[in-house]
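**Q** Got protein-v1.cif for you, mmCIF, C-alpha atoms:
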data_final
loop_
_atom_site.label_atom_id
_atom_site.label_comp_id
_atom_site.auth_asym_id
_atom_site.auth_seq_id
_atom_site.Cartn_x
_atom_site.Cartn_y
_atom_site.Cartn_z
CA LYS A 1 -13.68 12.77 9.23
CA ALA A 2 -10.35 11.87 10.82
CA GLY A 3 -7.96 9.80 8.75
CA VAL A 4 -5.74 6.91 9.74
CA THR A 5 -3.44 7.82 12.62
CA GLN A 6 -0.13 6.10 13.25
CA THR A 7 2.07 6.59 16.28
CA PRO A 8 4.87 7.16 16.81
CA ARG A 9 5.90 8.82 13.54
CA TYR A 10 9.61 8.34 14.12
CA LEU A 11 11.59 6.12 16.43
CA ILE A 12 15.12 4.86 16.86
CA LYS A 13 15.92 1.52 18.46
CA THR A 14 18.99 -0.66 18.83
CA ARG A 15 19.44 -4.24 17.72
CA GLY A 16 17.81 -6.76 20.00
CA GLN A 17 15.19 -4.38 21.35
CA GLN A 18 11.50 -4.65 20.59
CA VAL A 19 9.07 -2.06 19.29
CA THR A 20 5.32 -1.57 19.27
CA LEU A 21 3.60 0.58 16.66
CA SER A 22 0.01 1.76 16.84
CA CYS A 23 -2.61 2.41 14.21
CA SER A 24 -6.04 3.99 14.67
CA PRO A 25 -8.26 3.39 11.63
CA ILE A 26 -10.93 5.62 10.20
CA SER A 27 -14.05 5.50 12.36
CA GLY A 28 -16.27 2.61 11.27
CA HIS A 29 -13.53 0.72 9.45
CA ARG A 30 -13.01 -2.79 10.77
CA SER A 31 -10.06 -3.83 8.62
CA VAL A 32 -6.51 -2.80 9.40
CA SER A 33 -3.55 -4.02 7.40
CA TRP A 34 0.15 -3.42 7.89
CA TYR A 35 2.97 -2.99 5.36
CA GLN A 36 6.72 -2.60 5.44
CA GLN A 37 8.33 -0.25 2.94
CA THR A 38 12.07 -0.31 2.26
CA PRO A 39 14.10 1.04 -0.67
CA GLY A 40 15.28 -2.45 -1.59
CA GLN A 41 12.10 -4.51 -1.24
CA GLY A 42 9.43 -1.88 -1.82
CA LEU A 43 6.08 -2.33 -0.11
CA GLN A 44 5.46 -5.72 1.41
CA PHE A 45 2.32 -6.96 3.11
CA LEU A 46 2.68 -7.97 6.75
CA PHE A 47 -0.82 -8.90 7.93
CA GLU A 48 -4.46 -7.90 7.92
CA TYR A 49 -6.90 -7.85 10.81
CA PHE A 50 -10.65 -7.69 10.57
CA SER A 51 -12.87 -7.48 13.64
CA GLU A 52 -10.01 -8.55 15.92
CA THR A 53 -9.11 -11.63 13.82
CA GLN A 54 -6.02 -12.01 11.67
CA ARG A 55 -7.29 -12.80 8.19
CA ASN A 56 -4.12 -12.84 6.14
CA LYS A 57 -0.41 -12.92 6.79
CA GLY A 58 2.57 -12.13 4.60
CA ASN A 59 5.95 -13.85 4.48
CA PHE A 60 7.60 -12.37 7.53
CA PRO A 61 9.25 -14.18 10.45
CA GLY A 62 7.44 -14.76 13.72
CA ARG A 63 9.23 -11.77 15.24
CA PHE A 64 6.57 -9.68 13.54
CA SER A 65 3.20 -9.91 15.24
CA GLY A 66 0.07 -7.87 15.57
CA ARG A 67 -3.27 -7.60 17.18
CA GLN A 68 -6.49 -5.66 16.88
CA PHE A 69 -8.65 -4.39 19.70
CA SER A 70 -12.42 -4.21 19.95
CA ASN A 71 -12.36 -0.55 18.91
CA SER A 72 -10.50 -1.60 15.72
CA ARG A 73 -7.25 0.04 16.77
CA SER A 74 -4.32 -2.16 15.91
CA GLU A 75 -0.79 -2.62 17.13
CA MET A 76 2.13 -4.38 15.55
CA ASN A 77 5.12 -5.60 17.47
CA VAL A 78 8.60 -6.47 16.27
CA SER A 79 10.77 -8.35 18.73
CA THR A 80 14.56 -8.85 18.68
CA LEU A 81 15.08 -6.04 16.19
CA GLU A 82 17.59 -6.47 13.38
CA LEU A 83 19.25 -3.80 11.25
CA GLY A 84 17.17 -4.95 8.29
CA ASP A 85 13.97 -4.05 10.12
CA SER A 86 14.70 -0.37 9.50
CA ALA A 87 11.81 0.73 7.34
CA LEU A 88 8.68 2.81 7.00
CA TYR A 89 5.78 0.86 8.48
CA LEU A 90 2.45 1.77 7.03
CA CYS A 91 -1.00 0.78 8.11
CA ALA A 92 -4.17 1.03 6.09
CA SER A 93 -7.79 0.83 7.06
CA SER A 94 -10.68 -0.30 4.96
CA LEU A 95 -14.40 -0.60 5.44
CA ARG A 96 -14.63 -4.02 3.82
CA GLY A 97 -11.06 -5.26 3.79
CA HIS A 98 -8.45 -5.90 1.14
CA LYS A 99 -10.63 -7.88 -1.12
CA ASN A 100 -13.46 -5.46 -1.77
CA GLY A 101 -12.57 -2.16 -0.23
CA GLU A 102 -10.54 0.89 -0.95
CA LEU A 103 -7.54 1.27 1.33
CA PHE A 104 -6.77 4.43 3.28
CA PHE A 105 -3.20 4.74 4.52
CA GLY A 106 -1.67 6.51 7.48
CA GLU A 107 1.49 8.61 7.29
CA GLY A 108 3.59 5.74 8.59
CA SER A 109 6.02 5.07 11.41
CA ARG A 110 9.65 5.36 10.40
CA LEU A 111 11.78 2.91 12.37
CA THR A 112 15.55 3.13 12.45
CA VAL A 113 17.46 0.25 14.01
CA LEU A 114 21.06 0.99 15.03
CA LYS B 1 4.78 -16.34 -7.98
CA GLN B 2 2.66 -13.22 -8.07
CA GLU B 3 4.65 -10.27 -9.30
CA VAL B 4 3.65 -6.74 -10.20
CA THR B 5 5.98 -4.69 -12.39
CA GLN B 6 5.90 -1.00 -13.23
CA ILE B 7 7.81 0.50 -16.12
CA PRO B 8 9.35 3.03 -16.36
CA ALA B 9 10.80 3.50 -12.90
CA ALA B 10 10.94 7.25 -13.45
CA LEU B 11 9.34 9.67 -15.87
CA SER B 12 9.66 13.41 -16.44
CA VAL B 13 7.15 15.32 -18.55
CA PRO B 14 6.36 19.00 -19.17
CA GLU B 15 3.21 20.48 -17.67
CA GLY B 16 0.08 19.97 -19.72
CA GLU B 17 1.14 16.71 -21.29
CA ASN B 18 -1.08 13.62 -21.19
CA LEU B 19 0.71 10.52 -19.93
CA VAL B 20 0.26 6.82 -19.32
CA LEU B 21 1.75 4.77 -16.51
CA ASN B 22 1.99 1.02 -16.94
CA CYS B 23 1.50 -1.85 -14.53
CA SER B 24 2.00 -5.52 -15.44
CA PHE B 25 1.08 -8.52 -13.33
CA THR B 26 1.94 -12.18 -13.76
CA ASP B 27 -1.16 -13.87 -12.44
CA SER B 28 -4.46 -13.37 -14.23
CA ALA B 29 -6.25 -14.55 -11.08
CA ILE B 30 -6.04 -11.02 -9.79
CA TYR B 31 -9.16 -10.02 -7.86
CA ASN B 32 -8.82 -6.25 -7.97
CA LEU B 33 -6.22 -3.63 -8.74
CA GLN B 34 -5.64 -0.29 -7.08
CA TRP B 35 -3.58 2.71 -8.02
CA PHE B 36 -1.99 4.88 -5.34
CA ARG B 37 0.20 7.93 -5.21
CA GLN B 38 2.87 8.52 -2.60
CA ASP B 39 4.48 11.85 -1.87
CA PRO B 40 8.00 11.82 -0.38
CA GLY B 41 8.00 10.72 3.25
CA LYS B 42 4.24 10.27 3.26
CA GLY B 43 1.76 7.45 3.24
CA LEU B 44 -0.18 6.29 0.21
CA THR B 45 -3.26 7.98 -1.21
CA SER B 46 -5.76 5.78 -3.01
CA LEU B 47 -6.54 7.01 -6.52
CA LEU B 48 -8.65 4.35 -8.18
CA LEU B 49 -9.85 0.83 -7.38
CA ILE B 50 -10.82 -1.50 -10.24
CA GLN B 51 -12.69 -4.65 -9.32
CA SER B 52 -12.11 -7.79 -11.40
CA SER B 53 -15.53 -7.45 -13.02
CA GLN B 54 -14.72 -3.92 -14.19
CA ARG B 55 -12.49 -2.77 -17.02
CA GLU B 56 -11.88 0.81 -16.02
CA GLN B 57 -12.47 3.55 -13.50
CA THR B 58 -12.35 7.31 -13.83
CA SER B 59 -11.85 10.11 -11.36
CA GLY B 60 -11.34 13.63 -12.61
CA ARG B 61 -8.24 13.73 -14.82
CA LEU B 62 -7.39 10.13 -14.00
CA ASN B 63 -8.50 7.01 -15.83
CA ALA B 64 -7.35 3.50 -14.99
CA SER B 65 -7.98 0.38 -17.05
CA LEU B 66 -7.60 -3.30 -16.26
CA ASP B 67 -7.01 -6.05 -18.81
CA LYS B 68 -6.72 -9.35 -16.99
CA SER B 69 -6.14 -11.39 -20.14
CA SER B 70 -2.99 -9.47 -21.01
CA GLY B 71 -1.96 -8.90 -17.39
CA ARG B 72 -1.88 -5.15 -17.72
CA SER B 73 -3.28 -2.05 -16.11
CA THR B 74 -2.69 1.52 -17.19
CA LEU B 75 -3.18 4.82 -15.41
CA TYR B 76 -3.88 7.72 -17.74
CA ILE B 77 -3.30 11.23 -16.44
CA ALA B 78 -4.71 14.03 -18.56
CA ALA B 79 -3.29 17.55 -18.69
CA SER B 80 -0.56 16.88 -16.13
CA GLN B 81 0.24 19.50 -13.48
CA PRO B 82 3.27 20.03 -11.22
CA GLY B 83 1.10 18.88 -8.30
CA ASP B 84 0.89 15.46 -9.95
CA SER B 85 4.58 14.91 -9.21
CA ALA B 86 4.78 11.87 -6.93
CA THR B 87 5.47 8.15 -7.01
CA TYR B 88 2.61 6.13 -8.44
CA LEU B 89 2.12 2.55 -7.29
CA CYS B 90 -0.22 -0.13 -8.48
CA ALA B 91 -1.23 -3.05 -6.29
CA GLY B 92 -3.04 -6.25 -7.16
CA PHE B 93 -5.07 -8.26 -4.72
CA TYR B 94 -4.90 -12.04 -5.17
CA THR B 95 -7.23 -14.51 -3.51
CA GLY B 96 -6.41 -18.07 -2.58
CA THR B 97 -4.34 -19.61 0.18
CA ALA B 98 -2.17 -16.52 0.44
CA SER B 99 -4.61 -13.71 -0.08
CA LYS B 100 -2.66 -10.51 -0.09
CA LEU B 101 -2.04 -7.24 -1.79
CA THR B 102 1.07 -7.23 -3.97
CA PHE B 103 2.59 -3.86 -4.82
CA GLY B 104 4.58 -2.82 -7.84
CA THR B 105 7.86 -0.95 -7.40
CA GLY B 106 6.36 2.32 -8.53
CA THR B 107 6.92 4.99 -11.17
CA ARG B 108 8.38 8.28 -9.97
CA LEU B 109 6.71 11.06 -11.95
CA GLN B 110 8.00 14.59 -12.23
CA VAL B 111 5.94 17.22 -14.02
CA THR B 112 8.03 20.24 -14.90
CA LEU B 113 6.93 23.83 -15.54
#
Once you've parsed the file, please lay out its structure as structure tokens.
**A**
Amino acid sequence: KAGVTQTPRYLIKTRGQQVTLSCSPISGHRSVSWYQQTPGQGLQFLFEYFSETQRNKGNFPGRFSGRQFSNSRSEMNVSTLELGDSALYLCASSLRGHKNGELFFGEGSRLTVL
Amino acid sequence: KQEVTQIPAALSVPEGENLVLNCSFTDSAIYNLQWFRQDPGKGLTSLLLIQSSQREQTSGRLNASLDKSSGRSTLYIAASQPGDSATYLCAGFYTGTASKLTFGTGTRLQVTL
């Protein structure tokens, strides 16, 4: 059974640009959640999607957005990149969502903003 | 404010030793708690999930407990092995107007030969 796939694994952008990251969940999982991991702030929750609807959202500015498609694949977008957006972005899929289900994480997308 | 704390930040033990990792949370309204491990440069691997109605979960050499009244969870690792070396994170899920998973800062474990 294939795990959670995130693309791209590594990317470098400059300030002001935008970036789109992709996450393909485990087959059959309808929940996808996104996290930002930095050395200073640790792991922070961005948002969760379930069956194409955003269910929960963390405390991030509106520059961070996401969506989920009918096949449960999800994308997150960061516009007007800032240096502080450099981080490992992780997505996790779950059969029943945060509240009741075990989370399965991808390897992450490491974003460097110059 | 919901906070999850893990102490110590780093731990080194010789192979074969039994050890306990600690996780403290400030809000007893926690719905469930999960333990993960993270290898350098990798994503997280789920180890154990404890629902609020449960007090502990076991998987192989791992045992995790949850005490909501004291705001503590512990992860017990029996007969540690070098392959157990990783960062261990706990995460609590809180319901309410801001339902979200809150992660601790992690304990970096090194098991030496």
**Q** Would you mind listing what lies within 12 Å of region 51-55 of chain A as a ChimeraX atom specification, with all atoms listed in the file counted and same-chain residues fewer than 5 positions away left out?
**A** /A:25,28-34,46,65-76,93-99 /B:95,97-100
**Q** For the structure provided, state which residues fall under the PyMOL selection byres ((chain A) within 6 of (chain B)), and present them as a list of chain:residue names.
**A**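 Going through the file, the PyMOL selection byres ((chain A) within 6 of (chain B)) ends up selecting A:Gly42, A:Phe105, A:Gly106, A:Glu107, A:Gly108.
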**Q** The selected residues should be written to file as an mmCIF file, in the coordinates of the input (atoms: C-alpha atoms).
**A**
data_model
loop_
_atom_site.group_PDB
_atom_site.id
_atom_site.type_symbol
_atom_site.label_atom_id
_atom_site.label_comp_id
_atom_site.auth_asym_id
_atom_site.auth_seq_id
_atom_site.Cartn_x
_atom_site.Cartn_y
_atom_site.Cartn_z
ATOM 1 C CA GLY A 42 9.430 -1.880 -1.820
ATOM 2 C CA PHE A 105 -3.200 4.740 4.520
ATOM 3 C CA GLY A 106 -1.670 6.510 7.480
ATOM 4 C CA GLU A 107 1.490 8.610 7.290
ATOM 5 C CA GLY A 108 3.590 5.740 8.590
#
**Q** Residue by residue, what does the PyMOL selection byres ((chain B and resi 78) around 10) grab here? Present the result as a list in words.
**A** Gly16, Glu17, Asn18, Leu19, Val20, Gly60, Arg61, Leu62, Asn63, Leu75, Tyr76, Ile77, Ala79, Ser80 and Gln81 of chain B
**Q** Give me the residues within 7 Å of Leu11 (chain A) as an NGL selection string, counting only C-alpha atoms and dropping any in the same chain fewer than 6 places off.
**A** :A and (110-112)
**Q** For the file shown, what are the residues hit by the PyMOL selection byres ((chain A and resi 79-87) around 6), laid out as a ChimeraX atom specification?
**A** /A:15-18,37-38,63,78,88,110-113
**Q** Set up a box along x, y and z of the file covering all listed atoms of region 68-74 of chain B, add 6 Å on every one of the six sides, and write the centre and edge lengths in Å to one decimal, as lines of an AutoDock Vina configuration file.
**A**
center_x = -4.3
center_y = -4.9
center_z = -18.6
size_x = 16.8
size_y = 24.9
size_z = 16.9
**Q** Considering all atoms listed in the file, return as a PyMOL selection string whatever protein or nucleic-acid residues lie within 6 Å of region 24-28 of chain B, sequence-local ones (same chain, fewer than 4 positions apart) excluded.
**A** chain B and resi 2-5+68+71-72
**Q** Which residues are close to Tyr89 (chain A), i.e. within 6 Å by only C-alpha atoms, leaving aside same-chain residues fewer than 5 positions away? Reply as a list of chain:residue names.
**A**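 Everything that qualifies: A:Tyr35, A:Gln36, A:Gly108, A:Ser109.
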**Q** May I ask for the distance between CA of Ser65 (chain B) and CA of Gln110 (chain B), given in Å to one decimal place?
**A**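 These two atoms are separated by 21.9 Å.
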**Q** Pick out the residues sitting within 7 Å of Ile7 (chain B), and hand them over as a list in words; count all atoms listed in the file, and ignore anything fewer than 2 positions along from it in its own chain.
**A**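 Counting all atoms listed in the file, the residues come to Thr5, Ala9, Asn22, Cys23 and Thr107 of chain B.
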**Q** Fix up region 69-102 of chain B with N, CA and C atoms, then write it as a compact mmCIF listing (two decimals), keeping the file's coordinate frame.
**A**
# COMPACT_ATOMS: atom_id res chain seq x y z
N SER B 69 -6.65 -10.40 -19.17
CA SER B 69 -6.14 -11.39 -20.14
C SER B 69 -4.71 -11.09 -20.55
N SER B 70 -4.37 -9.83 -20.64
CA SER B 70 -2.99 -9.47 -21.01
C SER B 70 -2.13 -9.17 -19.80
N GLY B 71 -2.71 -9.16 -18.62
CA GLY B 71 -1.96 -8.90 -17.39
C GLY B 71 -1.47 -7.47 -17.30
N ARG B 72 -2.32 -6.54 -17.71
CA ARG B 72 -1.88 -5.15 -17.72
C ARG B 72 -2.93 -4.21 -17.16
N SER B 73 -2.43 -3.17 -16.51
CA SER B 73 -3.28 -2.05 -16.11
C SER B 73 -2.54 -0.77 -16.49
N THR B 74 -3.29 0.24 -16.87
CA THR B 74 -2.69 1.52 -17.19
C THR B 74 -3.40 2.62 -16.43
N LEU B 75 -2.64 3.63 -16.04
CA LEU B 75 -3.18 4.82 -15.41
C LEU B 75 -2.92 5.99 -16.36
N TYR B 76 -3.98 6.59 -16.82
CA TYR B 76 -3.88 7.72 -17.74
C TYR B 76 -4.11 9.00 -16.95
N ILE B 77 -3.17 9.94 -17.10
CA ILE B 77 -3.30 11.23 -16.44
C ILE B 77 -3.41 12.29 -17.54
N ALA B 78 -4.50 13.00 -17.55
CA ALA B 78 -4.71 14.03 -18.56
C ALA B 78 -4.23 15.39 -18.06
N ALA B 79 -3.69 16.17 -18.99
CA ALA B 79 -3.29 17.55 -18.69
C ALA B 79 -2.49 17.63 -17.39
N SER B 80 -1.35 16.99 -17.36
CA SER B 80 -0.56 16.88 -16.13
C SER B 80 -0.20 18.25 -15.56
N GLN B 81 -0.08 18.28 -14.23
CA GLN B 81 0.24 19.50 -13.48
C GLN B 81 1.41 19.22 -12.55
N PRO B 82 2.16 20.25 -12.16
CA PRO B 82 3.27 20.03 -11.22
C PRO B 82 2.84 19.31 -9.95
N GLY B 83 1.62 19.54 -9.50
CA GLY B 83 1.10 18.88 -8.30
C GLY B 83 0.90 17.38 -8.47
N ASP B 84 0.99 16.90 -9.70
CA ASP B 84 0.89 15.46 -9.95
C ASP B 84 2.22 14.75 -9.68
N SER B 85 3.26 15.51 -9.46
CA SER B 85 4.58 14.91 -9.21
C SER B 85 4.54 14.08 -7.93
N ALA B 86 4.86 12.82 -8.04
CA ALA B 86 4.78 11.87 -6.93
C ALA B 86 5.22 10.51 -7.46
N THR B 87 5.26 9.54 -6.58
CA THR B 87 5.47 8.15 -7.01
C THR B 87 4.12 7.47 -7.10
N TYR B 88 3.88 6.80 -8.21
CA TYR B 88 2.61 6.13 -8.44
C TYR B 88 2.82 4.63 -8.33
N LEU B 89 2.00 3.99 -7.51
CA LEU B 89 2.12 2.55 -7.29
C LEU B 89 0.82 1.86 -7.66
N CYS B 90 0.95 0.70 -8.27
CA CYS B 90 -0.22 -0.13 -8.48
C CYS B 90 -0.10 -1.34 -7.56
N ALA B 91 -1.21 -1.90 -7.19
CA ALA B 91 -1.23 -3.05 -6.29
C ALA B 91 -2.35 -3.98 -6.68
N GLY B 92 -2.03 -5.25 -6.81
CA GLY B 92 -3.04 -6.25 -7.16
C GLY B 92 -3.37 -7.11 -5.96
N PHE B 93 -4.66 -7.37 -5.80
CA PHE B 93 -5.07 -8.26 -4.72
C PHE B 93 -5.36 -9.64 -5.30
N TYR B 94 -4.72 -10.66 -4.73
CA TYR B 94 -4.90 -12.04 -5.17
C TYR B 94 -5.60 -12.84 -4.10
N THR B 95 -6.56 -13.64 -4.46
CA THR B 95 -7.23 -14.51 -3.51
C THR B 95 -6.54 -15.87 -3.51
N GLY B 96 -7.01 -16.75 -2.66
CA GLY B 96 -6.41 -18.07 -2.58
C GLY B 96 -5.81 -18.29 -1.20
N THR B 97 -4.90 -19.24 -1.13
CA THR B 97 -4.34 -19.61 0.18
C THR B 97 -3.48 -18.50 0.77
N ALA B 98 -2.99 -17.63 -0.07
CA ALA B 98 -2.17 -16.52 0.44
C ALA B 98 -2.75 -15.20 -0.05
N SER B 99 -3.97 -14.94 0.35
CA SER B 99 -4.61 -13.71 -0.08
C SER B 99 -3.83 -12.51 0.40
N LYS B 100 -3.41 -11.69 -0.51
CA LYS B 100 -2.66 -10.51 -0.09
C LYS B 100 -2.59 -9.52 -1.23
N LEU B 101 -2.23 -8.32 -0.83
CA LEU B 101 -2.04 -7.24 -1.79
C LEU B 101 -0.57 -7.22 -2.17
N THR B 102 -0.31 -7.26 -3.47
CA THR B 102 1.07 -7.23 -3.97
C THR B 102 1.30 -5.92 -4.70
